[in-house]
file data.cif (mmCIF, C-alpha atoms (C1' of nucleotides))
data_run
loop_
_atom_site.label_atom_id
_atom_site.label_comp_id
_atom_site.auth_asym_id
_atom_site.auth_seq_id
_atom_site.Cartn_x
_atom_site.Cartn_y
_atom_site.Cartn_z
CA MET A 1 108.28 36.80 131.53
CA ILE A 2 110.75 39.34 130.30
CA ALA A 3 111.30 37.44 127.06
CA PRO A 4 108.78 39.45 125.00
CA LEU A 5 110.48 42.70 125.92
CA ILE A 6 113.94 41.36 125.14
CA LYS A 7 112.66 40.10 121.86
CA ASN A 8 111.14 43.45 121.05
CA ILE A 9 114.44 45.15 121.76
CA GLN A 10 116.46 42.72 119.76
CA SER A 11 114.27 43.40 116.77
CA LYS A 12 115.85 46.88 116.75
CA ILE A 13 119.29 46.60 118.31
CA GLN A 14 121.82 43.92 119.32
CA LEU A 15 122.56 43.18 122.94
CA THR A 16 125.31 40.99 124.44
CA GLU A 17 124.54 38.28 126.97
CA GLU A 18 125.76 40.49 129.79
CA GLU A 19 123.70 43.39 128.65
CA ILE A 20 120.62 41.22 128.49
CA LYS A 21 121.26 40.09 132.01
CA LEU A 22 121.72 43.61 133.31
CA PHE A 23 118.69 44.69 131.38
CA ALA A 24 116.49 41.88 132.63
CA ASP A 25 117.41 42.59 136.24
CA SER A 26 116.24 46.17 135.95
CA TRP A 27 112.58 45.35 135.36
CA LYS A 28 109.88 44.22 137.76
CA GLU A 29 106.63 42.51 137.06
CA LYS A 30 103.43 44.23 138.02
CA LYS A 31 99.95 42.79 137.93
CA LEU A 32 96.88 44.90 137.42
CA ASP A 33 93.43 43.55 138.03
CA LYS A 34 90.67 44.66 135.76
CA ASN A 35 89.80 48.33 136.45
CA ASP A 36 92.96 48.96 138.50
CA LEU A 37 94.64 52.28 137.84
CA LEU A 38 98.27 52.46 136.84
CA PHE A 39 98.22 56.15 137.71
CA LYS A 40 95.67 58.92 137.49
CA THR A 41 95.54 62.56 136.46
CA GLY A 42 97.76 64.60 138.74
CA ASP A 43 99.84 61.58 139.82
CA ILE A 44 103.40 61.18 138.69
CA CYS A 45 103.98 58.36 136.26
CA ARG A 46 106.75 56.67 138.23
CA TYR A 47 107.36 53.72 135.95
CA ASP A 48 107.88 53.06 132.31
CA SER A 49 105.55 50.12 131.66
CA PHE A 50 105.63 47.51 128.93
CA VAL A 51 102.54 45.37 128.45
CA ILE A 52 103.14 41.61 128.52
CA SER A 53 99.49 40.63 128.40
CA GLY A 54 96.10 42.19 128.93
CA CYS A 55 94.99 45.65 127.91
CA VAL A 56 94.95 49.17 129.30
CA LYS A 57 93.43 52.46 128.25
CA ALA A 58 95.04 55.89 128.58
CA PHE A 59 92.59 58.75 128.77
CA TYR A 60 92.18 62.41 129.48
CA ILE A 61 89.34 63.69 131.62
CA HIS A 62 87.69 66.74 130.15
CA PRO A 63 87.81 69.34 132.92
CA THR A 64 84.32 70.75 132.39
CA THR A 65 82.24 67.85 131.09
CA GLY A 66 84.14 65.21 133.05
CA LYS A 67 84.07 62.89 130.06
CA GLU A 68 86.86 60.44 129.35
CA GLU A 69 88.71 61.02 126.11
CA ILE A 70 90.76 58.02 125.02
CA LEU A 71 94.34 58.79 124.07
CA PHE A 72 95.39 55.23 123.30
CA PHE A 73 94.96 51.58 124.11
CA ALA A 74 97.92 49.35 124.88
CA ILE A 75 97.96 45.58 124.50
CA GLU A 76 100.82 43.11 124.56
CA ASP A 77 104.07 44.40 123.14
CA TRP A 78 103.13 48.05 123.55
CA TRP A 79 104.17 50.70 126.04
CA ALA A 80 101.76 52.16 128.56
CA THR A 81 103.42 55.27 129.89
CA ASP A 82 102.89 59.00 129.95
CA LEU A 83 106.24 59.96 128.51
CA ASP A 84 106.09 63.51 129.72
CA SER A 85 105.22 62.67 133.26
CA PHE A 86 107.71 59.82 133.40
CA SER A 87 110.64 61.79 132.00
CA ASN A 88 110.14 64.88 134.09
CA GLN A 89 108.59 63.10 137.05
CA SER A 90 105.85 65.71 136.85
CA PRO A 91 102.08 65.32 137.30
CA SER A 92 100.39 63.53 134.44
CA ASP A 93 97.49 64.92 132.42
CA TYR A 94 96.27 61.38 131.81
CA THR A 95 95.00 58.30 133.57
CA ILE A 96 95.89 54.74 132.69
CA GLN A 97 93.56 51.96 133.72
CA ALA A 98 93.38 48.23 133.07
CA LEU A 99 90.52 47.04 130.87
CA GLU A 100 91.20 43.45 131.89
CA ASP A 101 93.71 41.65 134.09
CA THR A 102 97.04 42.88 132.83
CA LEU A 103 100.68 41.97 133.32
CA LEU A 104 103.30 44.69 133.00
CA LEU A 105 107.04 45.04 133.20
CA GLN A 106 108.11 48.19 134.94
CA ILE A 107 111.19 50.26 135.56
CA SER A 108 111.52 53.34 137.74
CA HIS A 109 112.81 56.61 136.40
CA ASP A 110 116.11 56.32 138.27
CA ALA A 111 116.68 52.77 137.20
CA PHE A 112 115.78 53.73 133.66
CA GLU A 113 118.37 56.48 133.52
CA LYS A 114 120.96 54.18 135.05
CA LEU A 115 120.16 51.54 132.50
CA LEU A 116 120.58 54.00 129.66
CA LYS A 117 123.96 55.00 131.02
CA ALA A 118 125.03 51.41 131.36
CA ILE A 119 123.76 50.42 127.90
CA PRO A 120 123.79 53.53 125.72
CA LYS A 121 122.61 51.49 122.76
CA LEU A 122 119.22 51.52 124.42
CA GLU A 123 118.91 55.21 123.58
CA ARG A 124 118.66 54.04 120.02
CA TYR A 125 116.05 51.44 120.80
CA PHE A 126 113.85 53.94 122.57
CA ARG A 127 114.40 56.48 119.84
CA LEU A 128 113.15 53.95 117.31
CA ILE A 129 110.15 53.10 119.45
CA LEU A 130 109.14 56.73 119.69
CA HIS A 131 109.70 57.04 116.02
CA GLY A 132 107.23 54.28 115.25
CA TYR A 133 104.70 55.82 117.56
CA ILE A 134 105.02 59.19 115.85
CA SER A 135 104.36 57.65 112.44
CA ALA A 136 101.18 56.12 113.78
CA ILE A 137 99.97 59.18 115.59
CA GLN A 138 100.58 61.42 112.59
CA LYS A 139 98.43 59.16 110.49
CA ARG A 140 95.80 59.40 113.16
CA ILE A 141 95.88 63.20 112.98
CA ILE A 142 95.42 63.17 109.23
CA LEU A 143 92.65 60.64 109.51
CA THR A 144 90.83 62.68 112.13
CA ASN A 145 91.13 65.96 110.28
CA ALA A 146 90.38 64.82 106.78
CA HIS A 147 88.06 61.83 106.97
CA SER A 148 84.54 61.08 108.08
CA ALA A 149 83.73 59.18 111.24
CA GLU A 150 82.82 56.14 109.16
CA GLU A 151 86.15 56.13 107.33
CA ARG A 152 88.00 56.46 110.60
CA TYR A 153 86.13 53.54 112.07
CA ILE A 154 86.83 51.34 109.06
CA GLU A 155 90.51 52.23 109.25
CA PHE A 156 90.61 51.50 112.95
CA VAL A 157 89.09 48.06 112.47
CA LYS A 158 91.62 47.32 109.77
CA ARG A 159 94.60 48.57 111.72
CA TYR A 160 93.78 47.27 115.18
CA PRO A 161 91.71 44.10 114.87
CA LYS A 162 92.98 42.79 118.20
CA ILE A 163 91.91 45.88 120.04
CA ILE A 164 88.44 45.77 118.55
CA GLN A 165 88.01 42.36 120.12
CA LYS A 166 88.96 43.49 123.59
CA VAL A 167 87.64 46.99 123.97
CA PRO A 168 84.00 48.02 124.46
CA GLN A 169 82.52 50.00 121.66
CA TYR A 170 81.95 53.20 123.61
CA LEU A 171 85.69 53.45 124.22
CA ILE A 172 86.45 52.94 120.55
CA ALA A 173 84.01 55.77 119.88
CA SER A 174 85.92 57.99 122.26
CA TYR A 175 89.22 57.09 120.60
CA LEU A 176 87.69 58.04 117.27
CA GLY A 177 86.35 61.30 118.64
CA ILE A 178 82.65 60.48 118.20
CA THR A 179 79.74 59.56 120.47
CA PRO A 180 78.89 55.92 121.20
CA GLU A 181 75.42 56.45 119.73
CA PHE A 182 76.81 57.65 116.47
CA LEU A 183 79.27 54.78 116.22
CA SER A 184 76.38 52.42 116.78
CA LYS A 185 74.53 54.02 113.89
CA ILE A 186 77.56 53.77 111.64
CA ARG A 187 77.77 50.07 112.37
CA ALA A 188 74.06 49.55 111.80
CA LYS A 189 74.27 51.25 108.45
CA ARG A 190 77.31 49.24 107.40
CA SER A 191 75.88 45.87 108.30
CA LEU A 192 72.88 46.66 106.12
CA GLY A 193 75.07 47.72 103.22
CA ASN A 194 76.95 44.47 103.32
CA TYR A 195 74.33 42.33 101.65
CA MET B 1 124.82 79.26 110.51
CA ILE B 2 124.96 75.99 112.35
CA ALA B 3 125.03 77.72 115.71
CA PRO B 4 121.27 77.45 116.36
CA LEU B 5 121.35 73.70 115.85
CA ILE B 6 124.37 73.23 118.08
CA LYS B 7 122.70 75.34 120.70
CA ASN B 8 119.56 73.25 120.45
CA ILE B 9 121.55 70.09 120.93
CA GLN B 10 123.51 71.41 123.83
CA SER B 11 120.31 72.23 125.59
CA LYS B 12 119.78 68.45 125.85
CA ILE B 13 123.22 66.81 125.84
CA GLN B 14 126.88 67.78 126.23
CA LEU B 15 129.29 67.65 123.31
CA THR B 16 133.09 68.02 123.29
CA GLU B 17 134.82 70.47 120.97
CA GLU B 18 135.82 67.65 118.64
CA GLU B 19 132.33 66.27 118.55
CA ILE B 20 130.96 69.68 117.73
CA LYS B 21 133.40 69.97 114.88
CA LEU B 22 132.56 66.57 113.47
CA PHE B 23 128.91 67.32 113.91
CA ALA B 24 129.07 70.70 112.22
CA ASP B 25 130.88 69.26 109.20
CA SER B 26 128.08 66.77 108.60
CA TRP B 27 125.43 69.35 107.77
CA LYS B 28 124.89 71.40 104.63
CA GLU B 29 122.90 74.56 104.18
CA LYS B 30 119.98 74.55 101.81
CA LYS B 31 117.95 77.52 100.68
CA LEU B 32 114.34 77.26 99.67
CA ASP B 33 112.57 80.07 97.90
CA LYS B 34 108.97 80.73 98.75
CA ASN B 35 106.78 77.91 97.36
CA ASP B 36 109.73 75.59 96.67
CA LEU B 37 109.14 71.95 97.57
CA LEU B 38 111.46 70.11 99.92
CA PHE B 39 109.95 66.86 98.69
CA LYS B 40 106.54 65.74 97.58
CA THR B 41 104.23 62.77 98.06
CA GLY B 42 105.86 59.67 96.64
CA ASP B 43 109.39 61.12 96.81
CA ILE B 44 111.87 59.84 99.31
CA CYS B 45 112.74 62.27 102.07
CA ARG B 46 116.50 62.15 101.57
CA TYR B 47 117.52 64.63 104.23
CA ASP B 48 116.79 65.35 107.81
CA SER B 49 116.19 69.11 107.81
CA PHE B 50 116.44 71.61 110.62
CA VAL B 51 114.90 75.02 110.06
CA ILE B 52 117.26 77.97 110.65
CA SER B 53 114.87 80.64 109.43
CA GLY B 54 111.68 80.91 107.42
CA CYS B 55 108.72 78.58 107.52
CA VAL B 56 107.51 75.41 105.82
CA LYS B 57 104.29 73.42 105.82
CA ALA B 58 103.99 69.63 105.76
CA PHE B 59 100.75 68.35 104.30
CA TYR B 60 98.92 65.30 103.08
CA ILE B 61 96.95 65.37 99.86
CA HIS B 62 93.59 63.72 100.18
CA PRO B 63 93.50 61.10 97.42
CA THR B 64 89.90 61.65 96.35
CA THR B 65 89.20 65.31 97.04
CA GLY B 66 92.76 66.46 96.31
CA LYS B 67 92.63 68.81 99.27
CA GLU B 68 95.72 69.63 101.32
CA GLU B 69 95.57 68.56 104.94
CA ILE B 70 98.19 70.28 107.07
CA LEU B 71 100.21 67.96 109.27
CA PHE B 72 102.48 70.61 110.79
CA PHE B 73 104.26 73.88 110.29
CA ALA B 74 107.97 74.26 111.02
CA ILE B 75 109.69 77.53 111.79
CA GLU B 76 113.15 78.26 113.18
CA ASP B 77 114.45 75.68 115.62
CA TRP B 78 112.08 72.96 114.46
CA TRP B 79 112.59 69.91 112.31
CA ALA B 80 111.00 69.55 108.89
CA THR B 81 111.29 65.90 107.99
CA ASP B 82 109.06 62.93 107.30
CA LEU B 83 110.60 60.60 109.84
CA ASP B 84 109.21 57.48 108.29
CA SER B 85 110.38 58.25 104.82
CA PHE B 86 113.77 59.47 106.00
CA SER B 87 114.49 56.49 108.23
CA ASN B 88 113.43 53.83 105.78
CA GLN B 89 114.29 55.80 102.65
CA SER B 90 110.81 54.93 101.46
CA PRO B 91 108.27 57.09 99.58
CA SER B 92 106.70 59.75 101.71
CA ASP B 93 102.97 60.22 102.24
CA TYR B 94 103.52 63.92 102.71
CA THR B 95 104.75 67.03 100.94
CA ILE B 96 106.83 69.77 102.49
CA GLN B 97 106.81 73.21 100.93
CA ALA B 98 108.26 76.59 101.87
CA LEU B 99 105.74 79.25 102.87
CA GLU B 100 108.46 81.90 102.63
CA ASP B 101 112.16 81.98 101.82
CA THR B 102 113.62 79.43 104.16
CA LEU B 103 117.08 78.36 105.27
CA LEU B 104 117.65 74.76 106.30
CA LEU B 105 120.44 72.58 107.58
CA GLN B 106 120.41 69.14 106.07
CA ILE B 107 122.02 65.77 106.50
CA SER B 108 121.63 62.71 104.30
CA HIS B 109 120.49 59.39 105.68
CA ASP B 110 123.93 57.81 105.32
CA ALA B 111 125.68 60.73 106.93
CA PHE B 112 123.10 60.72 109.68
CA GLU B 113 123.69 57.07 110.53
CA LYS B 114 127.46 57.63 110.43
CA LEU B 115 127.11 60.58 112.73
CA LEU B 116 125.09 58.55 115.20
CA LYS B 117 127.76 55.87 115.18
CA ALA B 118 130.51 58.42 115.70
CA ILE B 119 128.63 60.25 118.45
CA PRO B 120 126.25 57.80 120.11
CA LYS B 121 125.16 60.48 122.57
CA LEU B 122 123.18 61.93 119.70
CA GLU B 123 120.78 59.02 119.93
CA ARG B 124 119.75 60.52 123.20
CA TYR B 125 119.34 63.98 121.75
CA PHE B 126 117.11 62.70 118.98
CA ARG B 127 115.18 60.55 121.39
CA LEU B 128 114.44 63.61 123.48
CA ILE B 129 113.41 65.60 120.43
CA LEU B 130 110.93 62.92 119.40
CA HIS B 131 109.75 62.77 122.94
CA GLY B 132 108.89 66.47 122.96
CA TYR B 133 107.10 66.12 119.68
CA ILE B 134 105.00 63.25 121.00
CA SER B 135 103.88 65.29 123.99
CA ALA B 136 102.72 68.02 121.67
CA ILE B 137 101.00 65.77 119.19
CA GLN B 138 99.18 63.86 121.91
CA LYS B 139 97.77 67.11 123.22
CA ARG B 140 96.68 67.89 119.71
CA ILE B 141 94.82 64.59 119.48
CA ILE B 142 92.96 65.25 122.70
CA LEU B 143 92.17 68.76 121.60
CA THR B 144 90.82 67.58 118.27
CA ASN B 145 88.72 64.80 119.70
CA ALA B 146 87.27 66.52 122.70
CA HIS B 147 87.02 70.20 121.95
CA SER B 148 85.09 72.47 119.61
CA ALA B 149 86.69 74.18 116.65
CA GLU B 150 86.64 77.45 118.53
CA GLU B 151 88.47 76.02 121.52
CA ARG B 152 91.06 74.47 119.23
CA TYR B 153 91.63 77.77 117.51
CA ILE B 154 92.05 79.66 120.80
CA GLU B 155 94.53 77.06 121.97
CA PHE B 156 96.46 77.26 118.72
CA VAL B 157 96.78 81.03 118.97
CA LYS B 158 98.02 80.71 122.52
CA ARG B 159 100.48 77.96 121.77
CA TYR B 160 101.88 79.12 118.45
CA PRO B 161 101.72 82.91 118.29
CA LYS B 162 104.69 83.08 115.90
CA ILE B 163 103.07 80.74 113.44
CA ILE B 164 99.84 82.70 113.44
CA GLN B 165 101.80 85.70 112.25
CA LYS B 166 103.38 83.89 109.33
CA VAL B 167 100.79 81.48 108.05
CA PRO B 168 97.65 82.35 106.06
CA GLN B 169 94.40 81.66 107.80
CA TYR B 170 93.19 78.97 105.43
CA LEU B 171 96.21 76.84 106.30
CA ILE B 172 95.58 77.29 110.00
CA ALA B 173 92.04 76.11 109.32
CA SER B 174 93.39 72.99 107.64
CA TYR B 175 95.72 72.32 110.57
CA LEU B 176 92.73 72.60 112.88
CA GLY B 177 90.65 70.30 110.71
CA ILE B 178 88.02 72.88 109.74
CA THR B 179 87.13 74.87 106.63
CA PRO B 180 88.53 78.38 106.07
CA GLU B 181 84.98 79.76 105.98
CA PHE B 182 84.19 78.35 109.35
CA LEU B 183 87.39 79.67 110.89
CA SER B 184 86.50 83.08 109.53
CA LYS B 185 83.13 82.87 111.24
CA ILE B 186 84.71 81.83 114.51
CA ARG B 187 86.97 84.85 114.38
CA ALA B 188 84.11 87.18 113.52
CA LYS B 189 82.10 85.93 116.45
CA ARG B 190 85.04 86.28 118.83
CA SER B 191 85.93 89.83 117.85
CA LEU B 192 82.33 90.82 118.57
CA GLY B 193 82.38 89.12 121.94
CA ASN B 194 85.48 91.00 122.98
CA TYR B 195 83.86 94.36 123.68
"C1'" DC C 1 67.68 35.01 137.78
"C1'" DG C 2 68.21 39.91 138.36
"C1'" DA C 3 70.76 44.24 138.20
"C1'" DA C 4 73.85 47.01 135.97
"C1'" DA C 5 76.20 48.23 131.94
"C1'" DA C 6 76.59 48.44 126.95
"C1'" DT C 7 74.38 48.96 122.76
"C1'" DT C 8 70.70 50.25 119.76
"C1'" DT C 9 67.09 53.16 118.07
"C1'" DG C 10 64.43 57.37 117.20
"C1'" DA C 11 63.26 62.34 117.38
"C1'" DC C 12 65.19 66.43 117.40
"C1'" DA C 13 69.08 70.03 117.70
"C1'" DT C 14 73.32 72.10 116.18
"C1'" DG C 15 78.12 72.66 114.77
"C1'" DA C 16 80.40 72.59 110.84
"C1'" DC C 17 80.34 72.21 105.67
"C1'" DT C 18 79.16 73.70 100.81
"C1'" DC C 19 78.53 76.88 97.50
"C1'" DA C 20 78.22 81.27 95.77
"C1'" DA C 21 78.63 86.11 96.08
"C1'" DC C 22 81.08 89.91 97.74
"C1'" DT C 23 85.15 92.73 99.82
"C1'" DG C 24 89.61 94.20 100.18
"C1'" DG C 25 94.50 94.11 99.83
"C1'" DA C 26 98.88 92.78 97.22
"C1'" DG C 27 101.13 92.40 93.18
"C1'" DT C 28 101.84 93.52 88.24
"C1'" DG C 29 102.10 95.77 83.99
"C1'" DG C 30 101.05 99.65 81.18
"C1'" DC D 1 100.45 105.80 89.76
"C1'" DC D 2 96.36 103.92 88.11
"C1'" DA D 3 93.69 99.85 86.46
"C1'" DC D 4 93.42 95.19 86.59
"C1'" DT D 5 93.75 90.76 88.36
"C1'" DC D 6 94.16 87.44 91.74
"C1'" DC D 7 93.68 85.44 96.00
"C1'" DA D 8 92.68 85.46 100.93
"C1'" DG D 9 89.18 86.45 103.73
"C1'" DT D 10 84.21 87.41 104.84
"C1'" DT D 11 79.32 86.74 104.75
"C1'" DG D 12 74.86 84.44 104.06
"C1'" DA D 13 71.58 80.68 102.79
"C1'" DG D 14 70.82 76.10 102.76
"C1'" DT D 15 72.37 71.33 103.95
"C1'" DC D 16 74.50 67.46 106.21
"C1'" DA D 17 77.14 65.02 109.60
"C1'" DT D 18 77.25 64.35 114.07
"C1'" DG D 19 75.58 65.38 118.75
"C1'" DT D 20 71.94 65.22 122.56
"C1'" DC D 21 68.58 63.14 125.13
"C1'" DA D 22 65.51 59.60 126.32
"C1'" DA D 23 63.64 55.14 125.86
"C1'" DA D 24 63.98 50.30 124.47
"C1'" DT D 25 66.81 46.27 124.02
"C1'" DT D 26 70.61 43.26 124.61
"C1'" DT D 27 74.60 41.65 126.99
"C1'" DT D 28 77.39 40.86 130.96
"C1'" DC D 29 78.14 39.17 135.21
"C1'" DG D 30 77.40 38.63 140.15
#

call {"tool": "encode", "arguments": {"input": "data.cif", "output": "structure tokens"}}
result
Amino acid sequence: MIAPLIKNIQSKIQLTEEEIKLFADSWKEKKLDKNDLLFKTGDICRYDSFVISGCVKAFYIHPTTGKEEILFFAIEDWWATDLDSFSNQSPSDYTIQALEDTLLLQISHDAFEKLLKAIPKLERYFRLILHGYISAIQKRIILTNAHSAEERYIEFVKRYPKIIQKVPQYLIASYLGITPEFLSKIRAKRSLGNY
Amino acid sequence: MIAPLIKNIQSKIQLTEEEIKLFADSWKEKKLDKNDLLFKTGDICRYDSFVISGCVKAFYIHPTTGKEEILFFAIEDWWATDLDSFSNQSPSDYTIQALEDTLLLQISHDAFEKLLKAIPKLERYFRLILHGYISAIQKRIILTNAHSAEERYIEFVKRYPKIIQKVPQYLIASYLGITPEFLSKIRAKRSLGNY
DNA sequence: CGAAAATTTGACATGACTCAACTGGAGTGG
DNA sequence: CCACTCCAGTTGAGTCATGTCAAATTTTCG
């Protein structure tokens, strides 16, 4: 089951057979049932987790209203980790929860650092991963600040068609920074316009 | 003038004397006068730039309204680069412009890749830099999606007091995703409340 | 089938925007 | 050193996008 991760890595860097072996041995499978938590606010994110299948949401709980604010969704081939909490082994501001039965590959912080020492090339891989994430998140910032809720929704549908299929609408609304009611109205309006 | 950059790096990784020398020789100083462009939308971001002194803004130009949407500000000890454009040597979606006379250290894409090959430890440094940026930008997303304009402004003042001092208010407004008029009203209301 | 959850719909409220007028400070040139 | 201009910032009136709350409807799932 580690094949997808290896493949992902080899799309960015080259590994020898030995390195692959060492690498593969460092990761453990973890199953989450639907609604299981990976960790919650205040917990330490003890593992870096790569999603093999399924889907999770990462969210922040607003301290006064108690509402969930979606930070991201992760489906197969994405990472589901609070970087900050994982790197510093400090309490996380976020919660990650499975939206359906989900299979992860995990590595502990210690094992992760050991692995990086053993295969320094991996620093590059992870740098490139973060890089790609930054590109995406910067676009999201621009979209949020400069475009209407409707435009953001259209863009989301275009960019993440797989996620749309898996995730309930009220969570998409949260990701977009709007209320579920308003997203519903946007959709109603659009389906009229499409005649 | 490269001392601040070396210092920044050594806060995350260790370099030998030789490595420092090699490193230092790879960077060139660049001066920007106030209002000079580092690059503009459609240009390729040819250099990775580290700010020694001064201040720049990175912004996106809305295609229909033509308005500037601020992506970030960079002052001393920050990076002022479009990662995507720099890494792929592809046209940038953004423009970076000096808000005051600014001194940069720059490295070309080729030299950068050579440097990483010569000193692979630097992959780690840059990974950690991206990492820190992601933490910050994720907080910004949450703040934008879940908090009022006033809360976002208060948080900005707290987090970036130096930038507040340098940057005109209408650009702060753009960073926060609100109009300058509305930011002005928020400030007026707050200064009343503070008696 | 029935209960709970998600989505839709409608009436109303409000935060934030637009536009236009006004104020005040920072150059600039005579 | 004044007069002028220019731009950032402020203020106010009116509007619009989005939020709130509550009820009705549909979907999901035990």

call {"tool": "atom_distance", "arguments": {"input": "data.cif", "atom1": "atom CA of B:Pro180", "atom2": "atom CA of A:Ile141"}}
result
18.2 Å

call {"tool": "resolve_selection", "arguments": {"input": "data.cif", "expression": "the PyMOL selection byres ((chain A) within 10 of (chain C))", "output": "count of residues only"}}
result
8

call {"tool": "resolve_selection", "arguments": {"input": "data.cif", "expression": "the PyMOL selection byres ((chain D) within 10 of (chain B))", "output": "MDAnalysis selection string"}}
result
chainID D and resid 8:11

call {"tool": "closest_atom_pairs", "arguments": {"input": "data.cif", "of": "chain A", "to": "chain B", "cutoff": "6 Å", "atoms": "all atoms listed in the file", "output": "CSV"}}
result
residue,atom,partner,partner_atom,distance
A:Glu123,CA,B:Arg124,CA,5.4
A:Arg124,CA,B:Glu123,CA,5.4
A:Arg127,CA,B:Arg127,CA,4.4
A:Asn145,CA,B:Gly177,CA,4.4
A:Gly177,CA,B:Asn145,CA,4.4

call {"tool": "atom_distance", "arguments": {"input": "data.cif", "atom1": "atom CA of A:Lys57", "atom2": "atom CA of A:Pro91"}}
result
17.9 Å

call {"tool": "atom_distance", "arguments": {"input": "data.cif", "atom1": "atom CA of A:Ala80", "atom2": "atom CA of A:Asp25"}}
result
19.9 Å

call {"tool": "residues_around", "arguments": {"input": "data.cif", "residues": "stretch 45-51 of chain A", "least_positions_apart": "5", "cutoff": "9 Å", "atoms": "all atoms listed in the file", "output": "number ranges by chain"}}
result
A: 5, 30, 38-40, 56, 74-87, 89-92, 102-109, 112

call {"tool": "closest_residue", "arguments": {"input": "data.cif", "among": "A:Thr179, A:Lys7, A:Thr95, A:Lys114", "to": "D:DT20", "atoms": "all atoms listed in the file"}}
result
A:Thr179

call {"tool": "closest_residue", "arguments": {"input": "data.cif", "among": "A:Ala24, A:Leu37, A:Leu171, A:Ile163", "to": "A:Met1", "atoms": "all atoms listed in the file"}}
result
A:Ala24

call {"tool": "closest_residue", "arguments": {"input": "data.cif", "among": "A:Arg152, A:Lys166, A:Lys158, A:Lys28", "to": "A:Ile186", "atoms": "all atoms listed in the file"}}
result
A:Arg152

call {"tool": "residues_around", "arguments": {"input": "data.cif", "residues": "A:Leu15", "least_positions_apart": "6", "cutoff": "10 Å", "atoms": "all atoms listed in the file", "output": "number ranges by chain"}}
result
A: 6, 9, 21, 23, 119, 121-122

call {"tool": "axis_aligned_box", "arguments": {"input": "data.cif", "around": "stretch 136-146 of chain A", "padding_each_side": "4 Å", "output": "AutoDock Vina command-line options"}}
result
--center_x 95.8 --center_y 61.0 --center_z 111.2 --size_x 18.8 --size_y 17.8 --size_z 16.8
